[in-house]
$ cat start29.tsv   # TSV, C-alpha atoms and all ligand atoms
chain	number	residue	atom	x	y	z
A	1398	MET	CA	-19.40	-0.65	20.13
A	1399	ALA	CA	-17.77	-3.01	17.66
A	1400	LYS	CA	-15.73	-1.94	14.66
A	1401	ILE	CA	-17.76	-2.78	11.55
A	1402	ILE	CA	-15.67	-4.70	9.01
A	1403	ASP	CA	-16.71	-3.26	5.65
A	1404	GLY	CA	-16.63	-6.08	3.11
A	1405	LYS	CA	-18.01	-3.86	0.38
A	1406	LEU	CA	-15.11	-1.44	0.71
A	1407	ILE	CA	-12.43	-4.12	1.07
A	1408	SER	CA	-13.77	-6.11	-1.90
A	1409	LYS	CA	-13.73	-2.91	-3.99
A	1410	GLN	CA	-10.07	-2.32	-3.03
A	1411	ILE	CA	-9.19	-5.87	-4.11
A	1412	LYS	CA	-11.11	-5.54	-7.38
A	1413	ASP	CA	-9.38	-2.23	-8.15
A	1414	GLU	CA	-5.95	-3.78	-7.51
A	1415	LEU	CA	-6.86	-6.65	-9.85
A	1416	LYS	CA	-8.19	-4.22	-12.47
A	1417	ALA	CA	-4.83	-2.42	-12.52
A	1418	GLU	CA	-2.96	-5.73	-12.86
A	1419	VAL	CA	-5.24	-6.96	-15.66
A	1420	ALA	CA	-4.75	-3.66	-17.54
A	1421	LYS	CA	-0.97	-4.15	-17.32
A	1422	LEU	CA	-1.24	-7.73	-18.58
A	1423	LYS	CA	-3.38	-6.49	-21.48
A	1424	GLU	CA	-0.65	-4.02	-22.45
A	1425	GLU	CA	1.66	-7.02	-22.72
A	1426	GLY	CA	-0.91	-8.65	-24.99
A	1427	ARG	CA	-2.17	-11.11	-22.39
A	1428	GLU	CA	-5.91	-11.44	-21.88
A	1429	ILE	CA	-7.39	-13.41	-18.98
A	1430	CYS	CA	-10.49	-15.45	-19.69
A	1431	LEU	CA	-12.98	-17.18	-17.37
A	1432	ALA	CA	-15.52	-19.72	-18.68
A	1433	VAL	CA	-18.71	-19.82	-16.61
A	1434	ILE	CA	-21.01	-22.79	-17.17
A	1435	GLN	CA	-24.59	-22.86	-15.92
A	1436	VAL	CA	-26.85	-25.87	-16.47
A	1437	GLY	CA	-30.57	-25.10	-16.19
A	1438	ASN	CA	-32.01	-21.78	-15.08
A	1439	ASP	CA	-32.28	-21.85	-11.31
A	1440	PRO	CA	-33.05	-18.18	-10.47
A	1441	ALA	CA	-30.51	-17.95	-7.58
A	1442	SER	CA	-27.79	-19.46	-9.79
A	1443	SER	CA	-28.64	-16.99	-12.56
A	1444	VAL	CA	-28.15	-14.09	-10.11
A	1445	TYR	CA	-24.76	-15.47	-8.98
A	1446	VAL	CA	-23.64	-16.05	-12.58
A	1447	GLY	CA	-24.78	-12.53	-13.53
A	1448	ASN	CA	-22.76	-11.04	-10.65
A	1449	LYS	CA	-19.68	-12.99	-11.69
A	1450	LYS	CA	-20.00	-11.70	-15.27
A	1451	LYS	CA	-20.37	-8.12	-13.99
A	1452	ALA	CA	-17.25	-8.47	-11.83
A	1453	CYS	CA	-15.30	-9.83	-14.84
A	1454	GLU	CA	-16.41	-6.84	-16.91
A	1455	TYR	CA	-15.36	-4.41	-14.16
A	1456	ILE	CA	-11.89	-5.93	-13.84
A	1457	GLY	CA	-11.32	-6.48	-17.56
A	1458	ILE	CA	-11.45	-10.28	-17.55
A	1459	LYS	CA	-13.05	-11.82	-20.64
A	1460	SER	CA	-15.95	-14.09	-19.66
A	1461	LEU	CA	-17.35	-16.90	-21.79
A	1462	ALA	CA	-20.90	-17.83	-20.83
A	1463	TYR	CA	-22.17	-21.37	-21.37
A	1464	GLU	CA	-25.90	-21.30	-20.62
A	1465	LEU	CA	-26.89	-24.93	-21.07
A	1466	PRO	CA	-30.42	-26.35	-20.95
A	1467	GLU	CA	-31.60	-28.34	-17.88
A	1468	GLU	CA	-31.61	-31.57	-19.94
A	1469	THR	CA	-27.89	-31.35	-20.79
A	1470	THR	CA	-26.34	-34.78	-20.15
A	1471	GLU	CA	-23.38	-35.42	-17.89
A	1472	LYS	CA	-21.37	-36.55	-20.94
A	1473	GLU	CA	-22.13	-33.29	-22.80
A	1474	LEU	CA	-21.03	-31.24	-19.80
A	1475	LEU	CA	-17.85	-33.32	-19.35
A	1476	ASP	CA	-17.05	-32.83	-23.07
A	1477	ILE	CA	-17.34	-29.05	-22.72
A	1478	ILE	CA	-15.07	-29.09	-19.65
A	1479	ASP	CA	-12.56	-31.24	-21.54
A	1480	LYS	CA	-12.55	-28.79	-24.45
A	1481	LEU	CA	-12.04	-25.84	-22.09
A	1482	ASN	CA	-9.28	-27.68	-20.18
A	1483	ASN	CA	-7.39	-27.95	-23.47
A	1484	ASP	CA	-8.07	-24.39	-24.65
A	1485	ASN	CA	-4.98	-22.23	-23.97
A	1486	THR	CA	-7.02	-19.04	-24.23
A	1487	VAL	CA	-9.21	-20.05	-21.24
A	1488	HIS	CA	-7.57	-19.67	-17.80
A	1489	GLY	CA	-10.42	-20.38	-15.36
A	1490	ILE	CA	-13.40	-22.75	-15.51
A	1491	LEU	CA	-16.36	-22.44	-13.19
A	1492	VAL	CA	-19.43	-24.68	-13.15
A	1493	GLN	CA	-22.19	-23.00	-11.16
A	1494	LEU	CA	-23.44	-25.38	-8.46
A	1495	PRO	CA	-25.76	-27.07	-7.83
A	1496	VAL	CA	-26.02	-28.93	-11.15
A	1497	PRO	CA	-29.29	-30.78	-11.97
A	1498	GLU	CA	-29.75	-34.08	-10.14
A	1499	HIS	CA	-29.03	-36.32	-13.14
A	1500	ILE	CA	-25.46	-34.96	-13.23
A	1501	ASN	CA	-22.89	-36.21	-10.72
A	1502	GLU	CA	-21.46	-33.07	-9.08
A	1503	GLU	CA	-18.33	-34.84	-7.86
A	1504	LYS	CA	-17.48	-36.07	-11.37
A	1505	ILE	CA	-17.85	-32.51	-12.70
A	1506	ILE	CA	-15.63	-30.99	-10.01
A	1507	ASN	CA	-13.00	-33.69	-10.58
A	1508	ALA	CA	-13.04	-33.10	-14.36
A	1509	ILE	CA	-11.88	-29.48	-14.16
A	1510	SER	CA	-8.12	-29.14	-14.55
A	1511	PRO	CA	-6.63	-28.09	-11.16
A	1512	ALA	CA	-4.74	-25.33	-13.05
A	1513	LYS	CA	-8.11	-23.81	-14.03
A	1514	ASP	CA	-10.03	-24.68	-10.84
A	1515	VAL	CA	-10.75	-21.10	-9.78
A	1516	ASP	CA	-13.45	-22.23	-7.30
A	1517	GLY	CA	-10.83	-24.30	-5.45
A	1518	PHE	CA	-13.14	-27.32	-5.14
A	1519	HIS	CA	-11.00	-29.96	-6.94
A	1520	PRO	CA	-9.53	-32.60	-4.58
A	1521	ALA	CA	-6.04	-31.56	-5.76
A	1522	SER	CA	-6.73	-27.95	-4.67
A	1523	VAL	CA	-8.16	-29.07	-1.33
A	1524	GLY	CA	-5.21	-31.43	-0.78
A	1525	ALA	CA	-2.71	-28.70	-1.65
A	1526	LEU	CA	-4.28	-26.42	0.95
A	1527	SER	CA	-4.06	-29.06	3.65
A	1528	ILE	CA	-0.36	-29.77	3.06
A	1529	GLY	CA	0.64	-26.16	2.51
A	1530	GLN	CA	1.28	-26.37	-1.24
A	1531	LYS	CA	0.30	-23.83	-3.88
A	1532	GLY	CA	-3.22	-24.20	-5.24
A	1533	PHE	CA	-6.55	-22.41	-5.52
A	1534	VAL	CA	-8.43	-21.81	-2.28
A	1535	SER	CA	-12.21	-21.79	-1.94
A	1536	CYS	CA	-13.28	-18.16	-2.42
A	1537	THR	CA	-15.46	-17.52	0.67
A	1538	PRO	CA	-12.92	-18.60	3.32
A	1539	ALA	CA	-10.12	-16.91	1.35
A	1540	GLY	CA	-12.24	-13.75	1.49
A	1541	VAL	CA	-12.58	-14.04	5.27
A	1542	ILE	CA	-8.78	-14.11	5.63
A	1543	GLN	CA	-8.52	-10.97	3.50
A	1544	LEU	CA	-11.17	-9.24	5.64
A	1545	LEU	CA	-9.15	-10.00	8.77
A	1546	LYS	CA	-5.78	-9.04	7.29
A	1547	ARG	CA	-6.97	-5.83	5.71
A	1548	SER	CA	-8.69	-4.84	8.99
A	1549	ASP	CA	-5.37	-5.35	10.84
A	1550	ILE	CA	-6.75	-8.22	12.90
A	1551	ASP	CA	-3.82	-10.47	13.77
A	1552	ILE	CA	-4.53	-14.22	13.57
A	1553	THR	CA	-1.24	-15.56	14.97
A	1554	GLY	CA	-1.72	-17.36	18.27
A	1555	LYS	CA	-5.41	-16.42	18.46
A	1556	ASP	CA	-8.12	-18.85	19.53
A	1557	CYS	CA	-10.14	-19.26	16.32
A	1558	VAL	CA	-13.47	-21.09	16.39
A	1559	VAL	CA	-15.22	-22.01	13.13
A	1560	ILE	CA	-18.82	-23.19	13.36
A	1561	GLY	CA	-19.53	-25.36	10.31
A	1562	ARG	CA	-17.48	-28.08	8.57
A	1563	SER	CA	-18.70	-27.96	4.95
A	1564	ASN	CA	-16.20	-28.63	2.17
A	1565	ILE	CA	-16.61	-25.16	0.69
A	1566	VAL	CA	-16.59	-23.01	3.84
A	1567	GLY	CA	-15.97	-24.58	7.27
A	1568	LYS	CA	-13.13	-27.01	6.51
A	1569	PRO	CA	-11.04	-24.72	4.25
A	1570	MET	CA	-11.71	-21.88	6.72
A	1571	GLY	CA	-10.15	-23.97	9.49
A	1572	MET	CA	-7.15	-24.85	7.31
A	1573	LEU	CA	-6.57	-21.21	6.34
A	1574	LEU	CA	-6.74	-19.96	9.93
A	1575	LEU	CA	-4.27	-22.71	10.86
A	1576	ARG	CA	-1.99	-21.61	8.00
A	1577	GLU	CA	-2.10	-18.11	9.51
A	1578	ASN	CA	-0.96	-19.59	12.85
A	1579	GLY	CA	-4.30	-19.47	14.63
A	1580	THR	CA	-5.21	-22.13	17.20
A	1581	VAL	CA	-8.24	-23.61	15.49
A	1582	THR	CA	-11.35	-25.43	16.71
A	1583	ILE	CA	-13.96	-26.56	14.18
A	1584	CYS	CA	-17.49	-27.09	15.54
A	1585	HIS	CA	-20.51	-28.75	13.93
A	1586	SER	CA	-23.99	-30.02	14.70
A	1587	LYS	CA	-22.69	-32.77	17.00
A	1588	THR	CA	-20.41	-30.48	19.03
A	1589	LYS	CA	-21.10	-30.49	22.76
A	1590	ASN	CA	-20.91	-27.26	24.78
A	1591	LEU	CA	-20.98	-25.09	21.63
A	1592	LYS	CA	-21.61	-21.89	23.58
A	1593	GLU	CA	-18.70	-22.53	25.93
A	1594	ILE	CA	-16.29	-23.24	23.05
A	1595	CYS	CA	-17.43	-20.18	21.09
A	1596	LYS	CA	-17.09	-17.98	24.16
A	1597	ARG	CA	-13.35	-18.79	24.28
A	1598	ALA	CA	-12.81	-17.53	20.71
A	1599	ASP	CA	-10.79	-14.43	19.86
A	1600	ILE	CA	-11.99	-14.93	16.28
A	1601	LEU	CA	-15.38	-16.58	15.76
A	1602	VAL	CA	-16.50	-17.57	12.25
A	1603	ALA	CA	-20.15	-18.60	11.83
A	1604	ALA	CA	-20.88	-20.72	8.72
A	1605	ILE	CA	-23.89	-22.65	9.93
A	1606	GLY	CA	-26.83	-21.84	7.69
A	1607	LYS	CA	-29.12	-20.98	10.66
A	1608	PRO	CA	-30.50	-17.44	10.72
A	1609	LYS	CA	-29.36	-15.35	13.73
A	1610	MET	CA	-28.35	-18.43	15.74
A	1611	ILE	CA	-25.28	-16.81	17.32
A	1612	ASP	CA	-26.24	-14.25	19.94
A	1613	ALA	CA	-24.23	-12.40	22.61
A	1614	GLU	CA	-24.15	-15.52	24.82
A	1615	TYR	CA	-21.73	-17.18	22.36
A	1616	VAL	CA	-19.34	-14.24	22.16
A	1617	LYS	CA	-16.42	-13.16	24.32
A	1618	GLU	CA	-16.11	-9.45	25.06
A	1619	GLY	CA	-13.97	-7.85	22.34
A	1620	ALA	CA	-13.94	-10.89	20.01
A	1621	THR	CA	-13.92	-10.59	16.21
A	1622	VAL	CA	-17.09	-12.11	14.77
A	1623	ILE	CA	-17.25	-13.10	11.09
A	1624	ASP	CA	-20.70	-13.96	9.75
A	1625	VAL	CA	-20.67	-16.13	6.61
A	1626	GLY	CA	-24.40	-16.94	6.64
A	1627	ILE	CA	-26.86	-15.36	4.23
A	1628	HIS	CA	-30.63	-15.71	4.64
A	1629	ARG	CA	-33.58	-13.80	3.27
A	1630	MET	CA	-36.08	-13.02	6.02
A	1631	GLU	CA	-39.83	-12.86	5.61
A	1632	ASN	CA	-39.68	-9.05	5.39
A	1633	GLY	CA	-37.37	-9.42	2.35
A	1634	LYS	CA	-34.26	-8.19	4.20
A	1635	LEU	CA	-31.05	-10.23	4.48
A	1636	CYS	CA	-29.59	-11.55	7.73
A	1637	GLY	CA	-26.70	-13.82	8.70
A	1638	ASP	CA	-26.05	-16.68	11.11
A	1639	VAL	CA	-25.21	-14.04	13.74
A	1640	ASP	CA	-27.81	-11.96	15.55
A	1641	PHE	CA	-26.08	-8.67	14.75
A	1642	ASP	CA	-28.06	-6.48	17.18
A	1643	SER	CA	-27.33	-8.81	20.09
A	1644	VAL	CA	-23.63	-9.42	19.28
A	1645	GLU	CA	-22.48	-5.99	18.09
A	1646	PRO	CA	-22.39	-4.39	21.59
A	1647	VAL	CA	-20.18	-7.25	22.89
A	1648	ALA	CA	-17.84	-7.86	19.93
A	1649	GLY	CA	-14.64	-5.96	19.18
A	1650	ALA	CA	-15.21	-6.20	15.42
A	1651	ILE	CA	-18.02	-7.71	13.35
A	1652	THR	CA	-19.03	-8.20	9.71
A	1653	PRO	CA	-22.52	-7.04	8.72
A	1654	VAL	CA	-24.94	-8.96	6.46
A	1655	PRO	CA	-25.23	-7.76	3.75
A	1656	GLY	CA	-21.92	-6.02	3.05
A	1657	GLY	CA	-19.54	-8.31	4.96
A	1658	VAL	CA	-18.34	-11.68	3.69
A	1659	GLY	CA	-20.72	-11.80	0.68
A	1660	PRO	CA	-18.91	-9.29	-1.60
A	1661	MET	CA	-15.55	-10.88	-0.74
A	1662	THR	CA	-16.46	-14.21	-2.35
A	1663	ILE	CA	-16.63	-12.71	-5.86
A	1664	ALA	CA	-13.54	-10.56	-5.27
A	1665	MET	CA	-11.57	-13.70	-4.37
A	1666	LEU	CA	-12.94	-15.54	-7.40
A	1667	MET	CA	-11.59	-12.71	-9.55
A	1668	ASN	CA	-8.29	-12.96	-7.66
A	1669	ASN	CA	-8.10	-16.68	-8.47
A	1670	CYS	CA	-8.82	-15.97	-12.16
A	1671	VAL	CA	-5.99	-13.43	-12.35
A	1672	GLU	CA	-3.68	-15.90	-10.59
A	1673	ALA	CA	-4.71	-18.62	-13.05
A	1674	GLY	CA	-3.93	-16.26	-15.94
A	1675	ARG	CA	-0.57	-15.32	-14.44
A	1676	ASN	CA	0.36	-18.99	-13.87
A	1677	GLN	CA	-0.66	-20.21	-17.31
A	1678	ASN	CA	0.80	-17.41	-19.42
A	1701	LIG	P1	-23.71	-26.33	5.01
A	1701	LIG	O1	-25.16	-26.53	5.27
A	1701	LIG	O2	-23.03	-27.16	3.99
A	1701	LIG	O3	-22.93	-26.55	6.40
A	1701	LIG	C1	-23.41	-26.07	7.61
A	1701	LIG	C2	-22.53	-26.53	8.72
A	1701	LIG	O4	-23.06	-26.03	9.96
A	1701	LIG	C3	-22.46	-28.06	8.87
A	1701	LIG	O5	-21.12	-28.46	9.09
A	1701	LIG	C4	-23.33	-28.35	10.09
A	1701	LIG	O6	-22.87	-29.42	10.89
A	1701	LIG	C5	-23.17	-27.07	10.90
A	1701	LIG	N1	-24.34	-26.84	11.76
A	1701	LIG	C6	-25.66	-26.85	11.41
A	1701	LIG	N2	-26.44	-26.63	12.47
A	1701	LIG	C7	-25.61	-26.48	13.54
A	1701	LIG	C8	-25.81	-26.25	14.91
A	1701	LIG	N3	-27.04	-26.11	15.41
A	1701	LIG	N4	-24.73	-26.15	15.70
A	1701	LIG	C9	-23.47	-26.28	15.21
A	1701	LIG	N5	-23.21	-26.50	13.90
A	1701	LIG	C10	-24.28	-26.62	13.09
A	1701	LIG	O7	-23.53	-24.79	4.72
A	1701	LIG	P2	-22.34	-23.96	3.99
A	1701	LIG	O8	-21.07	-24.18	4.70
A	1701	LIG	O9	-22.40	-24.17	2.54
A	1701	LIG	O10	-22.86	-22.48	4.26
A	1701	LIG	C11	-23.02	-21.95	5.56
A	1701	LIG	C12	-23.73	-20.61	5.47
A	1701	LIG	O11	-22.93	-19.71	4.72
A	1701	LIG	C13	-25.08	-20.65	4.77
A	1701	LIG	O12	-25.92	-19.69	5.39
A	1701	LIG	C14	-24.76	-20.20	3.36
A	1701	LIG	O13	-25.85	-19.58	2.72
A	1701	LIG	C15	-23.67	-19.21	3.62
A	1701	LIG	N6	-22.73	-19.04	2.50
A	1701	LIG	C16	-22.37	-17.77	2.21
A	1701	LIG	C17	-21.46	-17.52	1.21
A	1701	LIG	C18	-21.06	-16.13	0.94
A	1701	LIG	O14	-20.55	-15.84	-0.12
A	1701	LIG	N7	-21.26	-15.21	1.89
A	1701	LIG	C19	-20.87	-18.60	0.41
A	1701	LIG	C20	-21.23	-19.92	0.89
A	1701	LIG	C21	-22.14	-20.12	1.88
A	1701	LIG	P3	-22.87	-30.97	10.36
A	1701	LIG	O15	-21.69	-31.07	9.44
A	1701	LIG	O16	-22.71	-31.76	11.59
A	1701	LIG	O17	-24.18	-31.17	9.66
$ encode --input "start29.tsv" --output "structure tokens"
Amino acid sequence: MAKIIDGKLISKQIKDELKAEVAKLKEEGREICLAVIQVGNDPASSVYVGNKKKACEYIGIKSLAYELPEETTEKELLDIIDKLNNDNTVHGILVQLPVPEHINEEKIINAISPAKDVDGFHPASVGALSIGQKGFVSCTPAGVIQLLKRSDIDITGKDCVVIGRSNIVGKPMGMLLLRENGTVTICHSKTKNLKEICKRADILVAAIGKPKMIDAEYVKEGATVIDVGIHRMENGKLCGDVDFDSVEPVAGAITPVPGGVGPMTIAMLMNNCVEAGRNQN
């Protein structure tokens, strides 16, 4: 039976550590502030934004909410970002993605000052990660590293296989595992012999976006399996990219969905906000 890696518990530990640090900063008269911008009212985005606000409240970070109408122009959004970039009382800026189609997402990401880029999506942040410099790291893969470290799973010298090469999960995940001295293979939809490659992994990270695709046939006995995927099934329940019931008897450790990687993403966003506050004060 695999050890279940409890993302809910680990994310709570991280949030409590941050809460204590934020309280100390407040005593010194320093308040951390995150600006969250949402354009339009996509229901999923509203849930994510709501969760981010709740996490800020819990930790003691001030959050500024910009709830902009769907018809907001690119110029109006860029002007708000510019104003926030130049506001010394704001430490982190987050634009909830996706933005409506008439707005160029790349332009928006590039407009956020790298010092306030708490999502870690700016090319300067991505570049810093790839050459080992200081910068914000995309929250989901950063959360995976914390899950591994806080579960005492050593990465050094391990065969790490990441399935998925998106800019927000797969690629930064590969870079982070490399930074931790793993031997990294990144797979994608054109990869040949996927099962064979996965079966070599000591640490297997699934970030594919395909419900329950990874079953026991992809997993080496005793491997650590991290499931980044989130899908809502027809019965209303959540599942991941990993078929938990099939893989759990084979794996050495596994993250559940829900309660694995999901809660870590917000915890790491909060971590980036506190770091931004620390750096800018
Ligand atoms: P993307 O759709 O951007 O990327 C999926 C990746 O998987 C692509 O690189 C794609 O390859 C690869 N892929 C697709 N099908 C296959 C296949 N059959 N075999 C091998 N590789 C394949 O997704 P994201 O990276 O944004 O997200 C991945 C999953 O993680 C989703 O389920 C998403 O909901 C979830 N997620 C969860 C978060 C959390 O907080 N827990 C945060 C972000 C995402 P190619 O590049 O060749 O197309």
$ residues_near_point --input "start29.tsv" --point "(-10.9, -2.6, 23.1)" --cutoff "12 Å" --atoms "all atoms listed in the file" --output "PyMOL selection string"
chain A and resi 1398-1400+1617-1621+1646-1650
$ residues_near_ligand --input "start29.tsv" --ligand "ligand LIG 1701 (chain A)" --cutoff "8 Å" --atoms "all atoms listed in the file" --output "PyMOL selection string"
chain A and resi 1536-1537+1560-1567+1584-1588+1591+1603-1608+1610+1624-1628+1637-1638+1657-1663
$ atom_distance --input "start29.tsv" --atom1 "atom CA of A:Pro1653" --atom2 "atom CA of A:Glu1631"
18.5 Å
$ atom_distance --input "start29.tsv" --atom1 "atom CA of A:Ala1452" --atom2 "atom CA of A:Ala1432"
13.3 Å
$ axis_aligned_box --input "start29.tsv" --around "stretch 1665-1674 of chain A" --padding-each-side "6 Å" --output "lines of an AutoDock Vina configuration file"
center_x = -8.3
center_y = -15.7
center_z = -10.2
size_x = 21.3
size_y = 17.9
size_z = 23.6
$ residues_around --input "start29.tsv" --residues "A:Glu1502" --least-positions-apart "2" --cutoff "12 Å" --atoms "only C-alpha atoms" --output "PDB file with C-alpha atoms, in the frame of the given file"
ATOM      1  CA  VAL A1436     -26.850 -25.870 -16.470  1.00  0.00           C
ATOM      2  CA  GLU A1471     -23.380 -35.420 -17.890  1.00  0.00           C
ATOM      3  CA  LEU A1474     -21.030 -31.240 -19.800  1.00  0.00           C
ATOM      4  CA  LEU A1475     -17.850 -33.320 -19.350  1.00  0.00           C
ATOM      5  CA  VAL A1492     -19.430 -24.680 -13.150  1.00  0.00           C
ATOM      6  CA  GLN A1493     -22.190 -23.000 -11.160  1.00  0.00           C
ATOM      7  CA  LEU A1494     -23.440 -25.380  -8.460  1.00  0.00           C
ATOM      8  CA  PRO A1495     -25.760 -27.070  -7.830  1.00  0.00           C
ATOM      9  CA  VAL A1496     -26.020 -28.930 -11.150  1.00  0.00           C
ATOM     10  CA  PRO A1497     -29.290 -30.780 -11.970  1.00  0.00           C
ATOM     11  CA  GLU A1498     -29.750 -34.080 -10.140  1.00  0.00           C
ATOM     12  CA  HIS A1499     -29.030 -36.320 -13.140  1.00  0.00           C
ATOM     13  CA  ILE A1500     -25.460 -34.960 -13.230  1.00  0.00           C
ATOM     14  CA  LYS A1504     -17.480 -36.070 -11.370  1.00  0.00           C
ATOM     15  CA  ILE A1505     -17.850 -32.510 -12.700  1.00  0.00           C
ATOM     16  CA  ILE A1506     -15.630 -30.990 -10.010  1.00  0.00           C
ATOM     17  CA  ASN A1507     -13.000 -33.690 -10.580  1.00  0.00           C
ATOM     18  CA  ALA A1508     -13.040 -33.100 -14.360  1.00  0.00           C
ATOM     19  CA  ILE A1509     -11.880 -29.480 -14.160  1.00  0.00           C
ATOM     20  CA  PHE A1518     -13.140 -27.320  -5.140  1.00  0.00           C
ATOM     21  CA  HIS A1519     -11.000 -29.960  -6.940  1.00  0.00           C
TER      22      HIS A1519
END
$ closest_residue --input "start29.tsv" --among "A:Val1654, A:Met1630, A:Val1433, A:Val1644" --to "A:Cys1670" --atoms "all atoms listed in the file"
A:Val1433
$ atom_distance --input "start29.tsv" --atom1 "atom CA of A:Leu1422" --atom2 "atom CA of A:Tyr1455"
15.2 Å
$ closest_residue --input "start29.tsv" --among "A:Cys1557, A:Ile1594, A:Leu1544, A:Val1602" --to "A:Val1581" --atoms "all atoms listed in the file"
A:Cys1557
$ build_atoms --input "start29.tsv" --residues "stretch 1658-1673 of chain A" --atoms "N, CA, C and O atoms" --output "PDB file, in the frame of the given file"
ATOM      1  N   VAL A1658     -19.041 -10.599   4.399  1.00  0.00           N
ATOM      2  CA  VAL A1658     -18.340 -11.680   3.690  1.00  0.00           C
ATOM      3  C   VAL A1658     -18.825 -11.802   2.232  1.00  0.00           C
ATOM      4  O   VAL A1658     -18.025 -12.084   1.338  1.00  0.00           O
ATOM      5  N   GLY A1659     -20.115 -11.587   2.006  1.00  0.00           N
ATOM      6  CA  GLY A1659     -20.720 -11.800   0.680  1.00  0.00           C
ATOM      7  C   GLY A1659     -19.897 -11.209  -0.470  1.00  0.00           C
ATOM      8  O   GLY A1659     -19.483 -11.943  -1.376  1.00  0.00           O
ATOM      9  N   PRO A1660     -19.639  -9.893  -0.463  1.00  0.00           N
ATOM     10  CA  PRO A1660     -18.910  -9.290  -1.600  1.00  0.00           C
ATOM     11  C   PRO A1660     -17.488  -9.830  -1.753  1.00  0.00           C
ATOM     12  O   PRO A1660     -16.910  -9.747  -2.838  1.00  0.00           O
ATOM     13  N   MET A1661     -16.925 -10.387  -0.671  1.00  0.00           N
ATOM     14  CA  MET A1661     -15.550 -10.880  -0.740  1.00  0.00           C
ATOM     15  C   MET A1661     -15.441 -12.144  -1.590  1.00  0.00           C
ATOM     16  O   MET A1661     -14.397 -12.415  -2.180  1.00  0.00           O
ATOM     17  N   THR A1662     -16.515 -12.943  -1.628  1.00  0.00           N
ATOM     18  CA  THR A1662     -16.460 -14.210  -2.350  1.00  0.00           C
ATOM     19  C   THR A1662     -16.156 -13.957  -3.839  1.00  0.00           C
ATOM     20  O   THR A1662     -15.279 -14.596  -4.421  1.00  0.00           O
ATOM     21  N   ILE A1663     -16.850 -12.994  -4.429  1.00  0.00           N
ATOM     22  CA  ILE A1663     -16.630 -12.710  -5.860  1.00  0.00           C
ATOM     23  C   ILE A1663     -15.262 -12.067  -6.064  1.00  0.00           C
ATOM     24  O   ILE A1663     -14.548 -12.392  -7.025  1.00  0.00           O
ATOM     25  N   ALA A1664     -14.869 -11.198  -5.134  1.00  0.00           N
ATOM     26  CA  ALA A1664     -13.540 -10.560  -5.270  1.00  0.00           C
ATOM     27  C   ALA A1664     -12.454 -11.632  -5.280  1.00  0.00           C
ATOM     28  O   ALA A1664     -11.501 -11.557  -6.068  1.00  0.00           O
ATOM     29  N   MET A1665     -12.602 -12.653  -4.423  1.00  0.00           N
ATOM     30  CA  MET A1665     -11.570 -13.700  -4.370  1.00  0.00           C
ATOM     31  C   MET A1665     -11.640 -14.622  -5.592  1.00  0.00           C
ATOM     32  O   MET A1665     -10.622 -15.153  -6.025  1.00  0.00           O
ATOM     33  N   LEU A1666     -12.834 -14.787  -6.150  1.00  0.00           N
ATOM     34  CA  LEU A1666     -12.940 -15.540  -7.400  1.00  0.00           C
ATOM     35  C   LEU A1666     -12.151 -14.819  -8.502  1.00  0.00           C
ATOM     36  O   LEU A1666     -11.396 -15.440  -9.264  1.00  0.00           O
ATOM     37  N   MET A1667     -12.320 -13.511  -8.548  1.00  0.00           N
ATOM     38  CA  MET A1667     -11.590 -12.710  -9.550  1.00  0.00           C
ATOM     39  C   MET A1667     -10.084 -12.818  -9.308  1.00  0.00           C
ATOM     40  O   MET A1667      -9.290 -12.916 -10.228  1.00  0.00           O
ATOM     41  N   ASN A1668      -9.705 -12.814  -8.022  1.00  0.00           N
ATOM     42  CA  ASN A1668      -8.290 -12.960  -7.660  1.00  0.00           C
ATOM     43  C   ASN A1668      -7.748 -14.292  -8.171  1.00  0.00           C
ATOM     44  O   ASN A1668      -6.655 -14.363  -8.739  1.00  0.00           O
ATOM     45  N   ASN A1669      -8.530 -15.358  -7.994  1.00  0.00           N
ATOM     46  CA  ASN A1669      -8.100 -16.680  -8.470  1.00  0.00           C
ATOM     47  C   ASN A1669      -7.971 -16.699  -9.995  1.00  0.00           C
ATOM     48  O   ASN A1669      -7.068 -17.337 -10.542  1.00  0.00           O
ATOM     49  N   CYS A1670      -8.880 -15.998 -10.687  1.00  0.00           N
ATOM     50  CA  CYS A1670      -8.820 -15.970 -12.160  1.00  0.00           C
ATOM     51  C   CYS A1670      -7.527 -15.273 -12.614  1.00  0.00           C
ATOM     52  O   CYS A1670      -6.853 -15.742 -13.534  1.00  0.00           O
ATOM     53  N   VAL A1671      -7.200 -14.165 -11.969  1.00  0.00           N
ATOM     54  CA  VAL A1671      -5.990 -13.430 -12.350  1.00  0.00           C
ATOM     55  C   VAL A1671      -4.764 -14.299 -12.063  1.00  0.00           C
ATOM     56  O   VAL A1671      -3.837 -14.376 -12.875  1.00  0.00           O
ATOM     57  N   GLU A1672      -4.795 -14.998 -10.924  1.00  0.00           N
ATOM     58  CA  GLU A1672      -3.680 -15.900 -10.590  1.00  0.00           C
ATOM     59  C   GLU A1672      -3.562 -17.014 -11.631  1.00  0.00           C
ATOM     60  O   GLU A1672      -2.460 -17.357 -12.074  1.00  0.00           O
ATOM     61  N   ALA A1673      -4.716 -17.557 -12.041  1.00  0.00           N
ATOM     62  CA  ALA A1673      -4.710 -18.620 -13.050  1.00  0.00           C
ATOM     63  C   ALA A1673      -4.094 -18.099 -14.348  1.00  0.00           C
ATOM     64  O   ALA A1673      -3.287 -18.780 -14.991  1.00  0.00           O
TER      65      ALA A1673
END
